[in-house]
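Structure data (TSV, C-alpha atoms) from upload29.tsv:
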chain	number	residue	atom	x	y	z
A	1	GLY	CA	20.72	-234.91	135.94
A	2	ALA	CA	21.99	-234.56	132.35
A	3	VAL	CA	20.51	-237.79	131.04
A	4	VAL	CA	20.45	-238.50	127.33
A	5	SER	CA	18.59	-241.44	125.83
A	6	GLN	CA	18.80	-243.08	122.43
A	7	HIS	CA	16.39	-245.35	120.66
A	8	PRO	CA	16.76	-248.01	119.47
A	9	SER	CA	19.79	-249.41	121.29
A	10	TRP	CA	20.45	-251.77	118.43
A	11	VAL	CA	19.01	-252.35	114.98
A	12	ILE	CA	19.58	-254.82	112.16
A	13	CYS	CA	18.38	-253.88	108.70
A	14	LYS	CA	18.69	-254.99	105.11
A	15	SER	CA	20.90	-253.18	102.66
A	16	GLY	CA	19.04	-250.38	100.91
A	17	THR	CA	16.62	-249.61	103.70
A	18	SER	CA	16.55	-246.52	105.91
A	19	VAL	CA	16.97	-246.43	109.66
A	20	LYS	CA	15.99	-243.66	112.05
A	21	ILE	CA	17.74	-243.16	115.40
A	22	GLU	CA	16.29	-240.89	118.08
A	23	CYS	CA	18.25	-238.93	120.66
A	24	ARG	CA	16.49	-237.27	123.59
A	25	SER	CA	17.69	-235.10	126.44
A	26	LEU	CA	15.49	-236.18	129.34
A	27	ASP	CA	16.09	-233.60	132.03
A	28	PHE	CA	17.52	-230.56	130.30
A	29	GLN	CA	17.07	-228.53	127.17
A	30	ALA	CA	19.75	-229.26	124.61
A	31	THR	CA	20.56	-226.24	122.50
A	32	THR	CA	23.03	-228.33	120.55
A	33	MET	CA	23.16	-232.02	119.78
A	34	PHE	CA	25.99	-233.93	118.21
A	35	TRP	CA	26.15	-237.18	116.29
A	36	TYR	CA	29.21	-239.41	116.41
A	37	ARG	CA	30.17	-242.68	114.78
A	38	GLN	CA	32.57	-245.19	116.26
A	39	PHE	CA	34.03	-248.15	114.39
A	40	PRO	CA	35.52	-251.09	116.33
A	41	LYS	CA	38.73	-250.26	118.17
A	42	GLN	CA	38.60	-246.67	116.96
A	43	SER	CA	37.75	-243.43	118.68
A	44	LEU	CA	34.61	-241.36	118.21
A	45	MET	CA	34.38	-239.32	115.05
A	46	LEU	CA	32.04	-236.34	114.91
A	47	MET	CA	29.59	-236.60	112.04
A	48	ALA	CA	27.49	-233.49	112.49
A	49	THR	CA	26.37	-230.78	114.87
A	50	SER	CA	22.76	-229.73	115.06
A	51	ASN	CA	21.10	-226.75	116.69
A	52	GLU	CA	17.39	-226.67	117.39
A	53	GLY	CA	15.49	-225.27	114.44
A	54	SER	CA	18.55	-225.01	112.19
A	55	LYS	CA	20.14	-227.14	109.54
A	56	ALA	CA	22.85	-229.45	110.77
A	57	THR	CA	26.51	-228.73	110.14
A	58	TYR	CA	28.25	-231.78	108.73
A	59	GLU	CA	31.91	-232.65	109.11
A	60	GLN	CA	34.05	-233.00	106.05
A	61	GLY	CA	33.51	-236.33	104.32
A	62	VAL	CA	30.06	-236.97	105.82
A	63	GLU	CA	27.30	-237.12	103.20
A	64	LYS	CA	24.43	-234.93	104.32
A	65	ASP	CA	22.00	-236.59	101.91
A	66	LYS	CA	22.82	-240.00	103.35
A	67	PHE	CA	22.78	-239.04	107.02
A	68	LEU	CA	19.72	-236.85	107.54
A	69	ILE	CA	19.60	-234.98	110.82
A	70	ASN	CA	16.56	-233.25	112.25
A	71	HIS	CA	16.61	-231.26	115.48
A	72	ALA	CA	12.98	-230.26	115.78
A	73	SER	CA	12.87	-229.44	119.48
A	74	LEU	CA	15.18	-228.68	122.39
A	75	THR	CA	14.92	-232.27	123.57
A	76	LEU	CA	14.90	-234.34	120.40
A	77	SER	CA	17.23	-234.92	117.48
A	78	THR	CA	16.98	-237.70	114.93
A	79	LEU	CA	19.54	-239.26	112.60
A	80	THR	CA	18.25	-241.14	109.57
A	81	VAL	CA	20.66	-243.36	107.70
A	82	THR	CA	19.21	-243.55	104.20
A	83	SER	CA	19.80	-246.43	101.79
A	84	ALA	CA	22.01	-248.15	104.33
A	85	HIS	CA	24.89	-250.36	103.18
A	86	PRO	CA	27.06	-252.79	105.13
A	87	GLU	CA	29.83	-250.21	105.42
A	88	ASP	CA	27.41	-248.04	107.42
A	89	SER	CA	27.39	-250.66	110.17
A	90	SER	CA	28.77	-248.91	113.22
A	91	PHE	CA	28.07	-247.64	116.72
A	92	TYR	CA	26.21	-244.33	116.47
A	93	ILE	CA	26.29	-242.12	119.56
A	94	CYS	CA	24.59	-238.81	120.17
A	95	SER	CA	25.49	-236.20	122.73
A	96	ALA	CA	23.75	-233.11	123.97
A	97	SER	CA	24.88	-229.82	125.39
A	98	SER	CA	22.86	-227.20	127.20
A	99	GLY	CA	25.30	-224.53	126.10
A	100	GLY	CA	27.06	-222.12	128.39
A	101	LEU	CA	30.71	-221.86	129.28
A	102	ALA	CA	31.18	-225.42	130.49
A	103	ASP	CA	31.01	-226.95	126.99
A	104	GLU	CA	30.20	-230.28	128.59
A	105	GLN	CA	28.56	-232.85	126.36
A	106	PHE	CA	26.50	-235.68	127.78
A	107	PHE	CA	26.37	-238.85	125.76
A	108	GLY	CA	23.51	-241.16	125.00
A	109	PRO	CA	23.99	-244.93	125.37
A	110	GLY	CA	24.55	-245.41	121.64
A	111	THR	CA	22.85	-247.35	118.86
A	112	ARG	CA	24.54	-250.30	117.24
A	113	LEU	CA	23.56	-250.54	113.58
A	114	THR	CA	24.16	-253.69	111.58
A	115	VAL	CA	23.37	-253.61	107.88
A	116	LEU	CA	23.10	-257.01	106.22
B	1	GLN	CA	50.32	-234.58	113.77
B	2	LYS	CA	47.03	-235.70	115.25
B	3	GLU	CA	44.93	-233.05	116.96
B	4	VAL	CA	44.71	-235.02	120.21
B	5	GLU	CA	47.23	-237.76	120.93
B	6	GLN	CA	47.19	-240.49	123.50
B	7	ASN	CA	49.22	-243.63	124.00
B	8	SER	CA	46.84	-246.41	122.94
B	9	GLY	CA	48.28	-248.80	125.50
B	10	PRO	CA	47.39	-251.24	126.82
B	11	LEU	CA	48.46	-249.89	130.18
B	12	SER	CA	48.50	-252.44	132.98
B	13	VAL	CA	48.48	-251.30	136.60
B	14	PRO	CA	48.23	-253.41	139.75
B	15	GLU	CA	45.19	-252.94	141.94
B	16	GLY	CA	45.71	-250.19	144.51
B	17	ALA	CA	48.40	-248.42	142.51
B	18	ILE	CA	48.19	-245.08	140.71
B	19	ALA	CA	47.29	-245.14	137.02
B	20	SER	CA	48.65	-242.24	134.99
B	21	LEU	CA	47.14	-241.38	131.61
B	22	ASN	CA	48.57	-238.73	129.34
B	23	CYS	CA	47.33	-236.65	126.43
B	24	THR	CA	48.75	-233.90	124.23
B	25	TYR	CA	46.85	-231.58	121.91
B	26	SER	CA	47.86	-229.46	118.97
B	27	ASP	CA	45.51	-226.45	119.08
B	28	ARG	CA	47.11	-223.93	121.42
B	29	GLY	CA	43.85	-221.98	121.55
B	30	SER	CA	41.88	-224.81	123.18
B	31	GLN	CA	40.29	-223.89	126.49
B	32	SER	CA	38.20	-226.88	127.53
B	33	PHE	CA	39.49	-230.37	128.23
B	34	PHE	CA	37.73	-233.56	129.22
B	35	TRP	CA	38.41	-237.12	130.24
B	36	TYR	CA	35.84	-239.76	129.36
B	37	ARG	CA	35.74	-243.41	130.38
B	38	GLN	CA	34.36	-245.94	127.91
B	39	TYR	CA	33.62	-249.53	128.75
B	40	SER	CA	33.57	-252.02	125.89
B	41	GLY	CA	30.33	-251.74	123.92
B	42	LYS	CA	29.16	-248.70	125.86
B	43	SER	CA	29.16	-244.97	125.18
B	44	PRO	CA	31.61	-242.56	126.84
B	45	GLU	CA	30.99	-241.36	130.37
B	46	LEU	CA	32.34	-237.98	131.49
B	47	ILE	CA	34.79	-238.31	134.38
B	48	MET	CA	36.53	-234.95	134.60
B	49	SER	CA	36.54	-231.57	132.96
B	50	ILE	CA	39.32	-229.04	133.40
B	51	TYR	CA	39.68	-225.51	132.10
B	52	SER	CA	42.54	-223.90	134.05
B	53	ASN	CA	46.19	-224.75	134.48
B	54	GLY	CA	46.95	-226.89	137.48
B	55	ASP	CA	45.27	-229.80	139.20
B	56	LYS	CA	41.63	-230.61	139.70
B	57	GLU	CA	40.68	-233.40	142.07
B	58	ASP	CA	37.44	-235.37	142.28
B	59	GLY	CA	37.52	-238.39	144.53
B	60	ARG	CA	40.16	-240.81	143.27
B	61	PHE	CA	40.62	-238.86	140.05
B	62	THR	CA	42.93	-235.92	139.46
B	63	ALA	CA	43.14	-234.07	136.17
B	64	GLN	CA	46.21	-231.99	135.42
B	65	LEU	CA	46.45	-229.32	132.75
B	66	ASN	CA	49.51	-227.52	131.43
B	67	LYS	CA	48.51	-225.22	128.59
B	68	ALA	CA	52.09	-224.07	127.94
B	69	SER	CA	53.10	-227.65	127.23
B	70	GLN	CA	49.71	-228.50	125.65
B	71	TYR	CA	49.44	-231.45	127.96
B	72	VAL	CA	46.59	-232.97	129.94
B	73	SER	CA	46.81	-235.95	132.27
B	74	LEU	CA	44.53	-238.05	134.43
B	75	LEU	CA	45.65	-239.78	137.60
B	76	ILE	CA	43.58	-242.54	139.15
B	77	ARG	CA	44.54	-243.29	142.74
B	78	ASP	CA	43.86	-246.61	144.48
B	79	SER	CA	43.06	-248.24	141.14
B	80	GLN	CA	40.25	-250.79	141.17
B	81	PRO	CA	39.48	-253.57	138.68
B	82	SER	CA	36.30	-251.64	137.82
B	83	ASP	CA	38.51	-248.85	136.49
B	84	SER	CA	39.56	-251.13	133.64
B	85	ALA	CA	38.28	-249.38	130.52
B	86	THR	CA	39.37	-247.17	127.65
B	87	TYR	CA	40.02	-243.58	128.68
B	88	LEU	CA	39.40	-240.91	126.09
B	89	CYS	CA	40.96	-237.48	126.22
B	90	ALA	CA	38.87	-234.83	124.45
B	91	VAL	CA	39.46	-231.20	123.63
B	92	ILE	CA	37.02	-228.53	122.49
B	93	GLN	CA	38.16	-226.89	119.26
B	94	GLY	CA	36.37	-224.00	117.68
B	95	ALA	CA	32.71	-223.65	118.58
B	96	GLN	CA	31.87	-226.73	120.68
B	97	LYS	CA	33.57	-229.29	118.43
B	98	LEU	CA	34.80	-232.08	120.69
B	99	VAL	CA	37.87	-233.80	119.29
B	100	PHE	CA	38.83	-237.14	120.81
B	101	GLY	CA	42.15	-238.87	121.12
B	102	GLN	CA	42.35	-242.51	120.13
B	103	GLY	CA	41.98	-243.60	123.75
B	104	THR	CA	44.20	-245.48	126.19
B	105	ARG	CA	43.14	-248.96	127.19
B	106	LEU	CA	43.72	-249.42	130.92
B	107	THR	CA	43.73	-252.77	132.70
B	108	ILE	CA	43.83	-252.99	136.50
B	109	ASN	CA	45.21	-256.32	137.63
B	110	PRO	CA	43.83	-257.76	140.89

As structure tokens:
Amino acid sequence: GAVVSQHPSWVICKSGTSVKIECRSLDFQATTMFWYRQFPKQSLMLMATSNEGSKATYEQGVEKDKFLINHASLTLSTLTVTSAHPEDSSFYICSASSGGLADEQFFGPGTRLTVL
Amino acid sequence: QKEVEQNSGPLSVPEGAIASLNCTYSDRGSQSFFWYRQYSGKSPELIMSIYSNGDKEDGRFTAQLNKASQYVSLLIRDSQPSDSATYLCAVIQGAQKLVFGQGTRLTINP
């Protein structure tokens, strides 16, 4: 149980274009989904937290107009990187939580974005 | 002071020995603690969660928590080459925010 998928697993795009990444909880309902970014040899940094049907809460320093998050259902959240630039190239990872006292987050396999 | 601190390593342990990974955290109010394993190029995989002081064992893994000292550790018994990975300590702060340490790179030598 507790499987989270991400699509695509990797994407290469030209500078200035937009890229959408999907995150799905396959066997549970995710009341909250999280988006992380990881640069090489660094740890995961939380970008934003999204609850189904609500606006996402962004961490300090993350541009909400550049990283659009939509959490339309209890099993799907999307992250759109708008007007991507080479410095946005990174490993983007989502996680999902079903809520409750355990606070456990289950991670998707990640999406590697390369902006040329 | 970083919120969650780990020794970045690398930590080298011979196969069959015990690997000991340590982590300290700054928020005394934290209640939930996790160890994740991350292979190169992959996303983190949850290994252990611990919420109460003391030890929690799961197979070859034992998590230890000492809230008074703000210290969490992970012991891996009978280390295998497949245990070679980066181990991330993570702490819940506030409402569900998971804060990660920088990770400890562990290498098990055959």

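The closest residue to chain B, picked from A:Thr32, A:Thr111, A:Ser43, A:Ser97 and counting only C-alpha atoms, is A:Ser43.
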
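Residues from chain B found within 9 Å of chain A are Ser32, Phe34, Gly41, Lys42, Ser43, Pro44, Glu45, Leu46, Ser49, Tyr51, Leu88, Ile92, Gln96, Lys97, Leu98, Val99, Phe100, Gly101, Gln102 and Gly103 of chain B, counting only C-alpha atoms.
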
Exercise for review: Please provide as a PyMOL selection string all residues within 7 Å of Lys20 in chain A, with the sequence filter that same-chain residues fewer than 5 positions apart are discarded (counting all atoms listed in the file).
Suggested key: chain A and resi 78-81

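What separates CA of Ser77 in chain A from CA of Arg24 in chain A is a distance of 6.6 Å.
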
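Reported to one decimal place, the separation of CA of Cys23 in chain B from CA of Gln80 in chain B is 21.6 Å.
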
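With only the atoms specified (all atoms listed in the file) counting, those residues at most 10 Å away from (15.5, -247.3, 122.3) are Ser5, Gln6, His7, Pro8, Ser9, Trp10, Val11, Ile21, Glu22, Cys23, Pro109, Gly110 and Thr111 of chain A.
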
For C-alpha atoms, I'd like the residues from the last selection saved as a PDB file, in the frame of the given file.
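For reference, out-v5.pdb as written:
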ATOM      1  CA  SER A   5      18.590-241.440 125.830  1.00  0.00           C
ATOM      2  CA  GLN A   6      18.800-243.080 122.430  1.00  0.00           C
ATOM      3  CA  HIS A   7      16.390-245.350 120.660  1.00  0.00           C
ATOM      4  CA  PRO A   8      16.760-248.010 119.470  1.00  0.00           C
ATOM      5  CA  SER A   9      19.790-249.410 121.290  1.00  0.00           C
ATOM      6  CA  TRP A  10      20.450-251.770 118.430  1.00  0.00           C
ATOM      7  CA  VAL A  11      19.010-252.350 114.980  1.00  0.00           C
ATOM      8  CA  ILE A  21      17.740-243.160 115.400  1.00  0.00           C
ATOM      9  CA  GLU A  22      16.290-240.890 118.080  1.00  0.00           C
ATOM     10  CA  CYS A  23      18.250-238.930 120.660  1.00  0.00           C
ATOM     11  CA  PRO A 109      23.990-244.930 125.370  1.00  0.00           C
ATOM     12  CA  GLY A 110      24.550-245.410 121.640  1.00  0.00           C
ATOM     13  CA  THR A 111      22.850-247.350 118.860  1.00  0.00           C
TER      14      THR A 111
END

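Shell of Asp55 in chain B at 10 Å, with all atoms listed in the file counted and residues fewer than 5 places along the chain excluded, is Ile50, Thr62, Ala63, Gln64, Leu65, Asn66, Val72, Ser73 and Leu74 of chain B.
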
Nearby residues, (26.1, -251.0, 105.5) file frame, 10 Å, only C-alpha atoms, as a PDB file with C-alpha atoms, in the frame of the given file:
ATOM      1  CA  CYS A  13      18.380-253.880 108.700  1.00  0.00           C
ATOM      2  CA  LYS A  14      18.690-254.990 105.110  1.00  0.00           C
ATOM      3  CA  SER A  15      20.900-253.180 102.660  1.00  0.00           C
ATOM      4  CA  GLY A  16      19.040-250.380 100.910  1.00  0.00           C
ATOM      5  CA  THR A  17      16.620-249.610 103.700  1.00  0.00           C
ATOM      6  CA  VAL A  81      20.660-243.360 107.700  1.00  0.00           C
ATOM      7  CA  SER A  83      19.800-246.430 101.790  1.00  0.00           C
ATOM      8  CA  ALA A  84      22.010-248.150 104.330  1.00  0.00           C
ATOM      9  CA  HIS A  85      24.890-250.360 103.180  1.00  0.00           C
ATOM     10  CA  PRO A  86      27.060-252.790 105.130  1.00  0.00           C
ATOM     11  CA  GLU A  87      29.830-250.210 105.420  1.00  0.00           C
ATOM     12  CA  ASP A  88      27.410-248.040 107.420  1.00  0.00           C
ATOM     13  CA  SER A  89      27.390-250.660 110.170  1.00  0.00           C
ATOM     14  CA  SER A  90      28.770-248.910 113.220  1.00  0.00           C
ATOM     15  CA  LEU A 113      23.560-250.540 113.580  1.00  0.00           C
ATOM     16  CA  THR A 114      24.160-253.690 111.580  1.00  0.00           C
ATOM     17  CA  VAL A 115      23.370-253.610 107.880  1.00  0.00           C
ATOM     18  CA  LEU A 116      23.100-257.010 106.220  1.00  0.00           C
TER      19      LEU A 116
END

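One distance worth recording is that between CA of Ala19 in chain B and CA of Gln31 in chain B, which is 24.7 Å.
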